[in-house]
Structure formats: structure tokens, C-alpha cells
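Note: the block below is upload-v8.txt and it holds compact mmCIF, C-alpha atoms.
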# COMPACT_ATOMS: atom_id res chain seq x y z
CA MET A 1 0.00 0.00 0.00
CA SER A 2 1.25 3.43 -0.84
CA ILE A 3 -0.07 6.91 -1.44
CA GLN A 4 0.70 6.45 -5.14
CA GLN A 5 -1.47 3.37 -5.25
CA LEU A 6 -4.30 5.35 -3.69
CA PHE A 7 -3.81 8.11 -6.26
CA TYR A 8 -3.74 5.51 -9.02
CA THR A 9 -7.04 4.02 -7.84
CA LEU A 10 -8.53 7.50 -7.67
CA GLN A 11 -7.41 8.29 -11.23
CA LEU A 12 -9.46 5.30 -12.37
CA ALA A 13 -12.37 6.03 -10.04
CA ASP A 14 -12.61 9.73 -10.88
CA ASN A 15 -12.60 8.98 -14.62
CA ALA A 16 -15.48 6.55 -14.14
CA LEU A 17 -17.51 8.89 -11.93
CA ILE A 18 -17.09 12.04 -13.99
CA ASN A 19 -17.64 10.29 -17.31
CA GLY A 20 -20.66 8.48 -15.88
CA HIS A 21 -22.10 11.73 -14.56
CA ARG A 22 -21.65 13.49 -17.88
CA LEU A 23 -23.48 10.71 -19.69
CA SER A 24 -26.24 10.75 -17.06
CA GLU A 25 -26.95 14.36 -17.99
CA TRP A 26 -28.53 13.00 -21.18
CA CYS A 27 -31.16 11.14 -19.15
CA GLY A 28 -34.55 12.44 -20.28
CA HIS A 29 -32.96 14.49 -23.07
CA GLY A 30 -31.86 11.78 -25.52
CA PRO A 31 -32.78 12.25 -29.18
CA VAL A 32 -34.93 9.12 -29.10
CA LEU A 33 -36.19 7.00 -26.23
CA GLU A 34 -34.02 4.02 -27.16
CA GLN A 35 -30.78 6.02 -27.13
CA ASP A 36 -31.79 7.83 -23.97
CA ILE A 37 -31.99 4.47 -22.24
CA ALA A 38 -28.80 3.24 -23.91
CA LEU A 39 -26.92 6.23 -22.48
CA SER A 40 -28.41 5.78 -19.04
CA ASN A 41 -27.34 2.12 -19.09
CA ILE A 42 -23.80 3.05 -20.10
CA SER A 43 -23.73 5.79 -17.50
CA LEU A 44 -24.72 3.28 -14.82
CA ASP A 45 -21.94 0.94 -15.92
CA HIS A 46 -19.43 3.72 -15.30
CA LEU A 47 -20.98 4.64 -11.96
CA GLY A 48 -20.82 0.97 -10.95
CA GLN A 49 -17.12 0.89 -11.79
CA ALA A 50 -16.66 4.11 -9.84
CA ARG A 51 -18.31 2.60 -6.77
CA SER A 52 -16.06 -0.47 -6.74
CA LEU A 53 -12.98 1.69 -7.19
CA TYR A 54 -13.97 4.24 -4.52
CA GLN A 55 -14.67 1.44 -2.05
CA TYR A 56 -11.21 0.11 -2.70
CA ALA A 57 -9.69 3.61 -2.47
CA ALA A 58 -11.50 4.29 0.81
CA ALA A 59 -10.12 1.08 2.30
CA GLN A 60 -6.61 2.12 1.26
CA MET A 61 -7.10 5.55 2.73
CA ASN A 62 -8.40 4.25 6.04
CA ALA A 63 -5.31 2.04 6.33
CA LEU A 64 -2.97 5.05 6.12
CA PRO A 65 -1.54 6.56 9.32
CA MET A 66 -3.20 9.79 10.43
CA ASP A 67 -0.35 12.11 9.43
CA ALA A 68 -0.35 10.62 5.92
CA LYS A 69 -4.06 10.92 5.24
CA LEU A 70 -4.79 14.23 6.98
CA ASN A 71 -4.41 17.05 4.45
CA LEU A 72 -3.69 14.56 1.68
CA PHE A 73 -6.53 16.37 -0.08
CA ALA A 74 -7.33 20.04 0.22
CA SER A 75 -11.02 19.53 1.00
CA VAL A 76 -11.95 20.95 4.41
CA ALA A 77 -15.01 18.72 4.68
CA LEU A 78 -12.96 15.57 4.11
CA ASN A 79 -10.16 16.61 6.49
CA ASP A 80 -12.75 17.39 9.11
CA LYS A 81 -13.97 13.79 9.00
CA ILE A 82 -10.46 12.38 9.04
CA SER A 83 -9.35 14.52 11.98
CA LYS A 84 -12.33 13.26 13.97
CA GLY A 85 -11.11 9.73 13.33
CA GLU A 86 -14.13 8.81 11.21
CA THR A 87 -13.93 6.04 8.64
CA ILE A 88 -13.82 7.33 5.07
CA GLU A 89 -16.33 5.74 2.73
CA GLU A 90 -16.87 5.64 -1.03
CA ASP A 91 -19.35 8.53 -0.88
CA ASP A 92 -16.92 10.77 1.00
CA LEU A 93 -14.39 10.44 -1.80
CA ALA A 94 -16.99 11.19 -4.45
CA PHE A 95 -18.87 13.99 -2.73
CA LEU A 96 -16.46 15.70 -0.35
CA ARG A 97 -13.36 16.33 -2.45
CA ASP A 98 -12.95 19.59 -4.34
CA SER A 99 -12.14 19.90 -8.00
CA TRP A 100 -8.35 20.20 -7.46
CA ASP A 101 -8.51 16.91 -5.53
CA PHE A 102 -9.94 15.12 -8.57
CA LYS A 103 -7.56 13.20 -10.82
CA ASN A 104 -9.78 12.49 -13.81
CA LEU A 105 -8.81 13.23 -17.39
CA LEU A 106 -9.81 16.61 -18.80
CA LEU A 107 -11.52 14.75 -21.64
CA VAL A 108 -14.26 13.20 -19.52
CA GLU A 109 -15.25 16.45 -17.79
CA GLN A 110 -15.91 18.22 -21.08
CA PRO A 111 -19.59 19.08 -21.57
CA ASN A 112 -21.94 17.05 -23.74
CA GLU A 113 -22.59 19.94 -26.17
CA ASP A 114 -24.50 17.86 -28.71
CA TRP A 115 -24.75 14.27 -29.88
CA ALA A 116 -21.54 14.43 -31.95
CA TYR A 117 -19.43 15.85 -29.09
CA THR A 118 -20.85 13.24 -26.75
CA ILE A 119 -20.09 10.40 -29.15
CA VAL A 120 -16.54 11.64 -29.77
CA ARG A 121 -15.77 11.93 -26.06
CA SER A 122 -17.17 8.48 -25.38
CA PHE A 123 -15.38 6.95 -28.34
CA LEU A 124 -11.93 8.33 -27.42
CA PHE A 125 -12.39 7.25 -23.81
CA ASP A 126 -14.00 3.85 -24.51
CA VAL A 127 -11.13 2.76 -26.75
CA PHE A 128 -8.66 3.83 -24.06
CA ASN A 129 -10.66 1.94 -21.42
CA LEU A 130 -10.75 -1.21 -23.53
CA TYR A 131 -6.96 -1.52 -23.71
CA LEU A 132 -6.46 -0.18 -20.20
CA PHE A 133 -8.74 -2.75 -18.57
CA ASN A 134 -7.49 -5.48 -20.86
CA SER A 135 -4.03 -4.82 -19.47
CA LEU A 136 -5.16 -4.15 -15.89
CA LYS A 137 -6.81 -7.54 -15.62
CA ASN A 138 -3.27 -8.89 -15.26
CA SER A 139 -2.51 -6.46 -12.45
CA LYS A 140 -0.65 -7.87 -9.45
CA GLU A 141 -3.20 -6.16 -7.25
CA GLU A 142 -6.12 -8.55 -7.03
CA GLN A 143 -8.79 -5.91 -6.42
CA ILE A 144 -7.80 -3.90 -9.47
CA ALA A 145 -7.54 -7.02 -11.62
CA ALA A 146 -11.03 -8.11 -10.53
CA ILE A 147 -12.59 -4.70 -11.23
CA ALA A 148 -10.85 -4.60 -14.62
CA GLU A 149 -12.12 -8.04 -15.54
CA LYS A 150 -15.71 -7.12 -14.70
CA SER A 151 -15.47 -3.75 -16.43
CA LEU A 152 -14.06 -5.25 -19.59
CA LYS A 153 -17.39 -6.80 -20.58
CA GLU A 154 -19.14 -3.48 -20.12
CA VAL A 155 -16.48 -1.59 -22.03
CA THR A 156 -16.75 -4.01 -24.93
CA TYR A 157 -20.37 -2.97 -25.33
CA HIS A 158 -19.61 0.74 -24.85
CA ILE A 159 -17.04 0.66 -27.60
CA ARG A 160 -19.40 -1.09 -29.95
CA TRP A 161 -22.01 1.59 -29.27
CA SER A 162 -19.72 4.60 -29.65
CA SER A 163 -17.83 3.20 -32.67
CA GLU A 164 -21.04 2.49 -34.54
CA TRP A 165 -22.24 6.02 -33.87
CA MET A 166 -18.90 7.42 -35.06
CA ILE A 167 -19.35 5.58 -38.34
CA ARG A 168 -23.04 6.34 -38.60
CA LEU A 169 -22.51 10.09 -38.13
CA GLY A 170 -19.25 10.38 -40.05
CA ASP A 171 -20.46 8.36 -43.01
CA GLY A 172 -23.99 9.72 -42.74
CA THR A 173 -25.35 12.98 -44.09
CA GLU A 174 -23.33 16.04 -45.03
CA GLU A 175 -24.41 17.75 -41.82
CA SER A 176 -23.66 14.82 -39.49
CA HIS A 177 -20.24 14.41 -41.15
CA ARG A 178 -19.40 18.08 -40.72
CA ARG A 179 -20.50 18.19 -37.10
CA LEU A 180 -18.70 14.98 -36.15
CA GLN A 181 -15.48 16.25 -37.72
CA GLN A 182 -15.87 19.53 -35.84
CA ALA A 183 -16.41 17.71 -32.53
CA PHE A 184 -13.46 15.42 -33.20
CA ASN A 185 -11.16 18.38 -33.95
CA ASP A 186 -12.30 20.20 -30.82
CA ARG A 187 -11.89 17.28 -28.43
CA TRP A 188 -8.67 15.92 -29.90
CA MET A 189 -6.44 18.10 -27.70
CA PHE A 190 -7.71 16.27 -24.62
CA SER A 191 -6.70 12.83 -25.91
CA GLY A 192 -2.94 13.09 -25.26
CA GLU A 193 -3.34 13.22 -21.51
CA MET A 194 -4.50 9.60 -21.38
CA PHE A 195 -0.97 8.46 -22.21
CA GLU A 196 0.96 10.99 -20.14
CA ALA A 197 2.30 9.06 -17.17
CA SER A 198 1.71 10.64 -13.78
CA ASN A 199 3.91 9.71 -10.79
CA ALA A 200 1.21 7.23 -9.82
CA ASP A 201 1.22 5.72 -13.33
CA LYS A 202 5.02 5.35 -13.26
CA GLU A 203 5.22 3.81 -9.82
CA MET A 204 2.36 1.40 -10.42
CA LEU A 205 3.93 0.25 -13.69
CA GLN A 206 7.17 -0.52 -11.83
CA GLU A 207 5.32 -2.49 -9.20
CA GLY A 208 3.38 -4.53 -11.75
CA ILE A 209 0.08 -3.06 -10.61
CA GLY A 210 -0.39 -0.53 -13.37
CA VAL A 211 0.02 -0.61 -17.14
CA ASP A 212 2.49 0.53 -19.75
CA LEU A 213 0.79 3.58 -21.25
CA THR A 214 3.11 3.62 -24.30
CA LEU A 215 1.84 0.18 -25.29
CA ILE A 216 -1.75 1.26 -24.77
CA LYS A 217 -1.11 4.38 -26.81
CA ASN A 218 -0.09 2.25 -29.81
CA GLN A 219 -3.14 0.02 -29.50
CA TRP A 220 -5.38 3.05 -29.04
CA GLN A 221 -3.97 4.85 -32.09
CA GLN A 222 -4.41 1.82 -34.33
CA HIS A 223 -7.96 1.29 -33.17
CA ILE A 224 -8.89 4.98 -33.49
CA SER A 225 -7.40 5.23 -37.00
CA LYS A 226 -9.41 2.25 -38.19
CA VAL A 227 -12.74 3.62 -37.02
CA VAL A 228 -11.93 7.16 -38.14
CA GLU A 229 -11.19 5.86 -41.61
CA GLU A 230 -14.45 3.95 -41.72
CA ALA A 231 -16.26 7.06 -40.48
CA THR A 232 -14.67 8.95 -43.43
CA ILE A 233 -13.42 11.77 -41.20
CA MET A 234 -9.86 13.07 -40.86
CA LEU A 235 -7.50 12.66 -37.90
CA PRO A 236 -6.66 16.17 -36.70
CA THR A 237 -3.16 17.24 -37.70
CA ASN A 238 -2.81 19.59 -34.74
CA ASN A 239 -1.09 17.54 -32.07
CA TRP A 240 -0.83 20.11 -29.31
CA MET A 241 -2.30 18.54 -26.21
CA GLN A 242 -3.87 20.10 -23.11
CA THR A 243 -3.04 18.20 -19.93
CA GLY A 244 -3.27 18.66 -16.17
CA GLY A 245 -6.23 16.57 -15.01
CA LYS A 246 -4.13 13.87 -13.33
CA GLN A 247 -2.42 16.65 -11.32
CA GLY A 248 -5.74 18.20 -10.33
CA LYS A 249 -5.48 21.11 -12.76
CA HIS A 250 -8.88 21.02 -14.38
CA THR A 251 -10.85 23.04 -16.89
CA GLU A 252 -13.61 25.22 -15.46
CA GLN A 253 -16.12 22.60 -16.59
CA LEU A 254 -15.35 20.28 -13.65
CA GLY A 255 -16.32 22.96 -11.12
CA TYR A 256 -19.82 23.30 -12.57
CA LEU A 257 -20.18 19.54 -12.80
CA LEU A 258 -19.18 18.99 -9.15
CA THR A 259 -21.47 21.78 -7.98
CA GLU A 260 -24.39 19.78 -9.28
CA LEU A 261 -23.02 16.31 -8.47
CA GLN A 262 -22.09 17.16 -4.87
CA PHE A 263 -24.88 19.58 -4.00
CA MET A 264 -27.01 17.30 -1.83
CA GLN A 265 -24.15 15.95 0.30
CA ARG A 266 -22.69 19.42 0.74
CA ALA A 267 -26.00 21.04 1.66
CA TYR A 268 -27.29 18.14 3.76
CA PRO A 269 -24.22 16.28 5.07
CA ASN A 270 -24.67 12.50 5.49
CA MET A 271 -28.15 12.52 4.00
CA GLU A 272 -29.40 9.19 2.71
CA TRP A 273 -32.15 8.13 0.35
CA MET B 1 -32.62 30.87 -33.34
CA ASN B 2 -36.31 30.29 -32.81
CA LEU B 3 -36.65 29.38 -29.13
CA ILE B 4 -40.42 29.35 -28.92
CA LYS B 5 -42.05 26.32 -30.46
CA LYS B 6 -45.73 26.19 -31.19
CA TYR B 7 -47.50 22.95 -30.47
CA TYR B 8 -50.84 21.97 -31.94
CA TYR B 9 -52.95 19.01 -31.04
CA GLY B 10 -54.85 16.45 -33.04
CA ASP B 11 -58.30 17.91 -33.48
CA ILE B 12 -57.27 21.13 -35.21
CA PRO B 13 -57.11 20.61 -38.98
CA GLU B 14 -53.65 21.34 -40.26
CA GLU B 15 -54.73 24.12 -42.62
CA LYS B 16 -56.72 25.92 -39.90
CA GLY B 17 -54.17 25.37 -37.19
CA GLY B 18 -51.68 27.44 -39.08
CA GLN B 19 -49.10 24.84 -38.20
CA ASP B 20 -45.53 26.04 -38.16
CA LYS B 21 -43.80 23.77 -40.67
CA SER B 22 -40.48 24.08 -38.86
CA THR B 23 -41.84 22.29 -35.81
CA ALA B 24 -44.15 19.91 -37.62
CA HIS B 25 -43.37 16.26 -37.00
CA ASP B 26 -41.97 14.68 -40.10
CA HIS B 27 -42.67 10.96 -39.98
CA SER B 28 -40.63 10.29 -43.08
CA LYS B 29 -37.47 11.01 -41.09
CA GLU B 30 -38.36 8.64 -38.29
CA TRP B 31 -36.45 5.39 -37.92
CA PRO B 32 -38.47 2.32 -38.88
CA MET B 33 -40.18 0.29 -36.19
CA TRP B 34 -38.99 -3.17 -35.15
CA GLU B 35 -40.69 -5.91 -33.15
CA VAL B 36 -38.62 -7.41 -30.37
CA PHE B 37 -38.69 -11.04 -29.24
CA ILE B 38 -36.81 -12.11 -26.12
CA ARG B 39 -35.81 -15.58 -24.96
CA SER B 40 -35.73 -15.40 -21.19
CA LYS B 41 -33.58 -18.51 -20.73
CA ALA B 42 -32.06 -21.28 -22.75
CA GLY B 43 -34.65 -23.85 -23.87
CA LEU B 44 -37.62 -21.51 -23.78
CA ASP B 45 -39.05 -19.89 -26.88
CA HIS B 46 -38.69 -16.24 -27.88
CA LYS B 47 -41.67 -14.17 -26.72
CA HIS B 48 -42.83 -10.85 -28.06
CA ALA B 49 -41.61 -8.14 -25.70
CA GLY B 50 -42.59 -4.95 -27.51
CA SER B 51 -41.30 -2.68 -30.22
CA ILE B 52 -38.56 -0.12 -30.70
CA HIS B 53 -37.31 2.28 -33.35
CA ALA B 54 -33.94 1.77 -35.02
CA ALA B 55 -32.16 2.73 -38.23
CA ASP B 56 -30.89 -0.75 -39.05
CA ALA B 57 -30.87 -4.33 -37.76
CA ALA B 58 -27.66 -3.94 -35.74
CA MET B 59 -28.99 -0.86 -34.01
CA ALA B 60 -32.34 -2.59 -33.47
CA LEU B 61 -30.64 -5.43 -31.57
CA GLU B 62 -28.72 -2.94 -29.43
CA ASN B 63 -31.77 -0.78 -28.74
CA ALA B 64 -33.74 -3.90 -27.85
CA ARG B 65 -30.95 -4.94 -25.49
CA ASP B 66 -30.95 -1.53 -23.85
CA VAL B 67 -34.70 -1.16 -23.56
CA TYR B 68 -35.88 -4.72 -22.82
CA THR B 69 -33.05 -6.63 -21.14
CA ARG B 70 -31.80 -4.15 -18.54
CA ARG B 71 -33.06 -6.32 -15.70
CA MET B 72 -31.67 -9.65 -16.89
CA GLU B 73 -34.82 -10.46 -18.85
CA GLY B 74 -33.09 -12.26 -21.65
CA VAL B 75 -30.35 -14.44 -23.05
CA SER B 76 -31.23 -14.01 -26.72
CA ILE B 77 -32.99 -11.39 -28.82
CA TRP B 78 -34.73 -11.51 -32.19
CA VAL B 79 -35.79 -8.38 -34.02
CA VAL B 80 -37.83 -8.10 -37.16
CA GLU B 81 -38.90 -4.96 -38.90
CA SER B 82 -42.56 -4.42 -38.11
CA LYS B 83 -43.54 -4.07 -41.77
CA HIS B 84 -42.61 -7.72 -42.30
CA ILE B 85 -45.18 -8.93 -39.79
CA HIS B 86 -48.47 -9.90 -41.37
CA ALA B 87 -51.46 -10.01 -39.10
CA THR B 88 -55.06 -11.18 -39.26
CA GLU B 89 -57.63 -8.42 -39.34
CA SER B 90 -60.16 -8.06 -36.55
CA ALA B 91 -62.98 -7.88 -39.13
CA GLU B 92 -62.09 -11.39 -40.18
CA ALA B 93 -61.90 -12.71 -36.66
CA ASP B 94 -65.26 -14.49 -36.87
CA ALA B 95 -64.38 -16.40 -40.00
CA PHE B 96 -60.92 -17.19 -38.70
CA PHE B 97 -61.59 -18.22 -35.15
CA GLU B 98 -65.30 -18.91 -34.54
CA PRO B 99 -65.38 -22.31 -36.29
CA ALA B 100 -62.98 -23.70 -33.66
CA ASN B 101 -65.32 -22.75 -30.86
CA ASP B 102 -67.59 -25.81 -30.89
CA LYS B 103 -64.93 -28.42 -31.61
CA ILE B 104 -64.22 -29.41 -28.06
CA PHE B 105 -63.24 -32.88 -29.25
CA ARG B 106 -60.02 -31.33 -30.48
CA HIS B 107 -58.88 -30.91 -26.90
CA PRO B 108 -57.22 -34.05 -25.62
CA THR B 109 -59.48 -34.14 -22.58
CA PHE B 110 -61.24 -37.40 -23.50
CA TYR B 111 -58.20 -39.50 -22.86
CA ASN B 112 -57.11 -41.03 -19.60
CA LEU B 113 -53.62 -39.78 -19.05
CA PRO B 114 -51.08 -41.99 -17.34
CA ASP B 115 -49.97 -40.50 -14.00
CA GLU B 116 -46.41 -40.13 -15.28
CA VAL B 117 -47.47 -37.45 -17.75
CA LYS B 118 -47.48 -34.31 -15.69
CA TYR B 119 -47.77 -31.44 -18.11
CA MET B 120 -50.44 -31.55 -20.81
Would you kindly transcribe this structure into C-alpha cells?
Amino acid sequence: MSIQQLFYTLQLADNALINGHRLSEWCGHGPVLEQDIALSNISLDHLGQARSLYQYAAAQMNALPMDAKLNLFASVALNDKISKGETIEEDDLAFLRDSWDFKNLLLVEQPNEDWAYTIVRSFLFDVFNLYLFNSLKNSKEEQIAAIAEKSLKEVTYHIRWSSEWMIRLGDGTEESHRRLQQAFNDRWMFSGEMFEASNADKEMLQEGIGVDLTLIKNQWQQHISKVVEEATIMLPTNNWMQTGGKQGKHTEQLGYLLTELQFMQRAYPNMEW
Amino acid sequence: MNLIKKYYYGDIPEEKGGQDKSTAHDHSKEWPMWEVFIRSKAGLDHKHAGSIHAADAAMALENARDVYTRRMEGVSIWVVESKHIHATESAEADAFFEPANDKIFRHPTFYNLPDEVKYM
């Protein structure tokens, strides 16, 4: 157990939670009933993954000595609980940390905008998840391997869904093609961060718990290129990438998202359904 | 951008309702309808579960999965585009089904069943 392993677990958990929440924003607003439900299902898959990962992260955090876990995150509400000696639970990690405590990718916090932007974000992230979990199922850490194995089945469906929509929109009408290309160009600069190794990524790779992001990058690029070609759109030539999410430096979008996501627990601490 | 949409309801004739064409529902752009059949477990037959809209067969299977098997209802799905289903008409129901009404001898109730046969 180490702080880096906790951070690594939180990288995975935060990605799942924030991506799941973004997709859940479509609930009741989908273009057709069937796709509305499809998105809610996918969103729930991600939230389920987030729960398993936060439970595991909370257990790791509780096992840390007081001086290591107090002020590990900036959140006053979380530190208040820790200083009182309370046990940290999955919900505390999701609802009581502030945006600079979150380690998710900038990509997943980007707003839905429209159907094309949503599909592009999902597609870029789903392909990453596929190879990530495929590799993580061999993790030395049993918990992570088990979560990866379970998630892999879900991801396989997600990728089928988002890839088909990429092709359907890209190779569809003139308007859908134009709007998908626009969304792809706009979101592309958030894709590089997936393969930028944080300290947690590096240490977990050394310990055989994490994955080699350079290998995943190759698999991801090949997969993306294939679908992009079939969707008849162009890979953006601009390769400048915006990063910072894994270090807690987020776009303003995450603040708005957390305001909504965390409102109930912040306004009514410890409330339950 | 036009943010205010006018809605009209069924009993106003289109020409009198002054329907705004930009918000009119265009059925020709709707995805075709598909009938969904679900097998709840291996060995049982596929049963009609309902219908969905989808652009093609692959999407129809996925939409059916998402709408009808979210609570573990199935292990196999069939879809068929609704236009390929041919149905009897209710006007013909008498001619189709009445003649079977007084043929009780077609039920196997006049036989003595051995005790070993449990489900008939």
C-alpha cells in the first residue's frame, strides 16, 4: 500500500464517476427513447465501476496513518472527518473532495454539447478503457484485476455503441459528417493526456500493478485510426495537447459539474435516500 | 434561433391550425419500427416483448438490449422490422376463429392420461 497506489485508484475512479455523470446528464434528453436508455445504461456501468474503485480507495485511505491521510486532499469537509477519526467511505471520496482533488482526465469532464461531441468523447475514452482494462486484468493487485475483468465486458459494449455512432454520423449525411469532424477536432487536444504518465502511473507500472501507457497508446492509435477511416473523417493534424487533469489542474467545466453532483451531500451532510 | 415552439394538437385541422412547418413532425425522417422477441432462458421460446425504433438491424438489436433486457430479462434477442409482420384483421376474426369454438373434441381431454405425464 502506498499513497501512489491510492492516487492511481482515484485516477481510475474519478474517470469513471465524472464520465458516468456526464453521460447521465442526457437522461430524459436523448434524441430518441431508445438512445436515452442506452446512455443511461452506459452511464450506470461507469458509476458501478466508480463505486467499486472508490470502495477500494477508501479502504486504502483508512489504512494510512493519520499524518499521511490528513491534508492529503485540500477539501476541508474531508479533512474534518479524518481529523475526527471517522472512517472514510466511497461517498466521502466522491462527494467531499474539491475539484483540485480530482484526478480524472480533462476529456471526460468536457460538456456534452451535442450528440456528436458526446459520441466523440465516449469513443476516445471507450477505446482507451478497452486496452487499459485489458491490461489491468493482469494487475498484481487482485482488487484492481477483478474490477478490470468485470469492467471489460461493459467496455466491450460501450465501444461497440460509440464506434457504430462514429461511423453512422461520419459516413452519414453532409451535416452529421461536418458536425462529427468539428467535434473530433475540438476534443482531440484532450486525448494526449490519457498516455501521459503521472507519478502514480510510473510507480504502479514498476510495481506490476499498473500498465504501460506507451503500449496502450499504440493500440489506441491503431484502433482509433481504423474507425476514423471507416467514419470517413480526418484525424486532426494539430497535435498540441492540453493536460493537467491527473495533477488536479482542471478546466472550469469540472467545477460546474461537481457543484451539481455534490450539492445534496454538501448542503445536507450525510443525507441518505 | 427560434426558441419558442408552437404545439398543436390532433383535433385542429392542419390548414386551420396554421401549423408552423419548422416544428411539424416529419414521420418520413423517423427510424423504422422493429418488433422485439426475447428468450428469457435457454430452452424456452422467444416471446414478443414490444417494439422499438432503429435505423438498421444492428442498431435494433442494441436498442432492444438496452430497452428490454436491462433487468436480466433475456439471453437471446430476435428483431424483425414491423412491416414484415403480417397479421389477421379483426374484421375477419369471426371467420378465422369462430369455427374452432364448438370443436371441443379437439382438446385431448377425453383420454385417460397416465400418471407419469405431468404437463399436458
Excluding Trp273 in chain A and its own-chain neighbours fewer than 4 positions away, which residues fall within 12 Å of it when counting only C-alpha atoms? Please give them as a PDB file with C-alpha atoms, in the frame of the given file.
ATOM      1  CA  MET A 264     -27.010  17.300  -1.830  1.00  0.00           C
ATOM      2  CA  GLN A 265     -24.150  15.950   0.300  1.00  0.00           C
ATOM      3  CA  TYR A 268     -27.290  18.140   3.760  1.00  0.00           C
TER       4      TYR A 268
END
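Rounded to one decimal, CA of Asp45 in chain A and CA of Asp126 in chain A lie 12.1 Å from each other.
Distances to Asp212 in chain A were evaluated for A:Asn138, A:Ser40, A:Thr118, A:Ser83 using all atoms listed in the file, and the minimum falls at A:Asn138.
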Please report as a PDB file with C-alpha atoms, in the coordinates of the input which residues of chain B come no farther than 12 Å from chain A, using only C-alpha atoms.
ATOM      1  CA  GLU B  30     -38.360   8.640 -38.290  1.00  0.00           C
ATOM      2  CA  TRP B  31     -36.450   5.390 -37.920  1.00  0.00           C
ATOM      3  CA  MET B  33     -40.180   0.290 -36.190  1.00  0.00           C
ATOM      4  CA  TRP B  34     -38.990  -3.170 -35.150  1.00  0.00           C
ATOM      5  CA  SER B  51     -41.300  -2.680 -30.220  1.00  0.00           C
ATOM      6  CA  ILE B  52     -38.560  -0.120 -30.700  1.00  0.00           C
ATOM      7  CA  HIS B  53     -37.310   2.280 -33.350  1.00  0.00           C
ATOM      8  CA  ALA B  54     -33.940   1.770 -35.020  1.00  0.00           C
ATOM      9  CA  ALA B  55     -32.160   2.730 -38.230  1.00  0.00           C
ATOM     10  CA  ASP B  56     -30.890  -0.750 -39.050  1.00  0.00           C
ATOM     11  CA  ALA B  58     -27.660  -3.940 -35.740  1.00  0.00           C
ATOM     12  CA  MET B  59     -28.990  -0.860 -34.010  1.00  0.00           C
ATOM     13  CA  ALA B  60     -32.340  -2.590 -33.470  1.00  0.00           C
ATOM     14  CA  LEU B  61     -30.640  -5.430 -31.570  1.00  0.00           C
ATOM     15  CA  GLU B  62     -28.720  -2.940 -29.430  1.00  0.00           C
ATOM     16  CA  ASN B  63     -31.770  -0.780 -28.740  1.00  0.00           C
ATOM     17  CA  ALA B  64     -33.740  -3.900 -27.850  1.00  0.00           C
ATOM     18  CA  ARG B  65     -30.950  -4.940 -25.490  1.00  0.00           C
ATOM     19  CA  ASP B  66     -30.950  -1.530 -23.850  1.00  0.00           C
ATOM     20  CA  VAL B  67     -34.700  -1.160 -23.560  1.00  0.00           C
ATOM     21  CA  TYR B  68     -35.880  -4.720 -22.820  1.00  0.00           C
ATOM     22  CA  THR B  69     -33.050  -6.630 -21.140  1.00  0.00           C
ATOM     23  CA  ARG B  70     -31.800  -4.150 -18.540  1.00  0.00           C
ATOM     24  CA  ARG B  71     -33.060  -6.320 -15.700  1.00  0.00           C
TER      25      ARG B  71
END
Contact residues around Trp188 in chain A with only C-alpha atoms at 12 Å, ignoring same-chain residues under 3 positions, as number ranges by chain: A: 106-107, 110, 117, 120-121, 123-125, 180-185, 191-194, 224, 234-243
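Separating CA of Ile3 in chain A from CA of Met204 in chain A is a distance of 10.8 Å.
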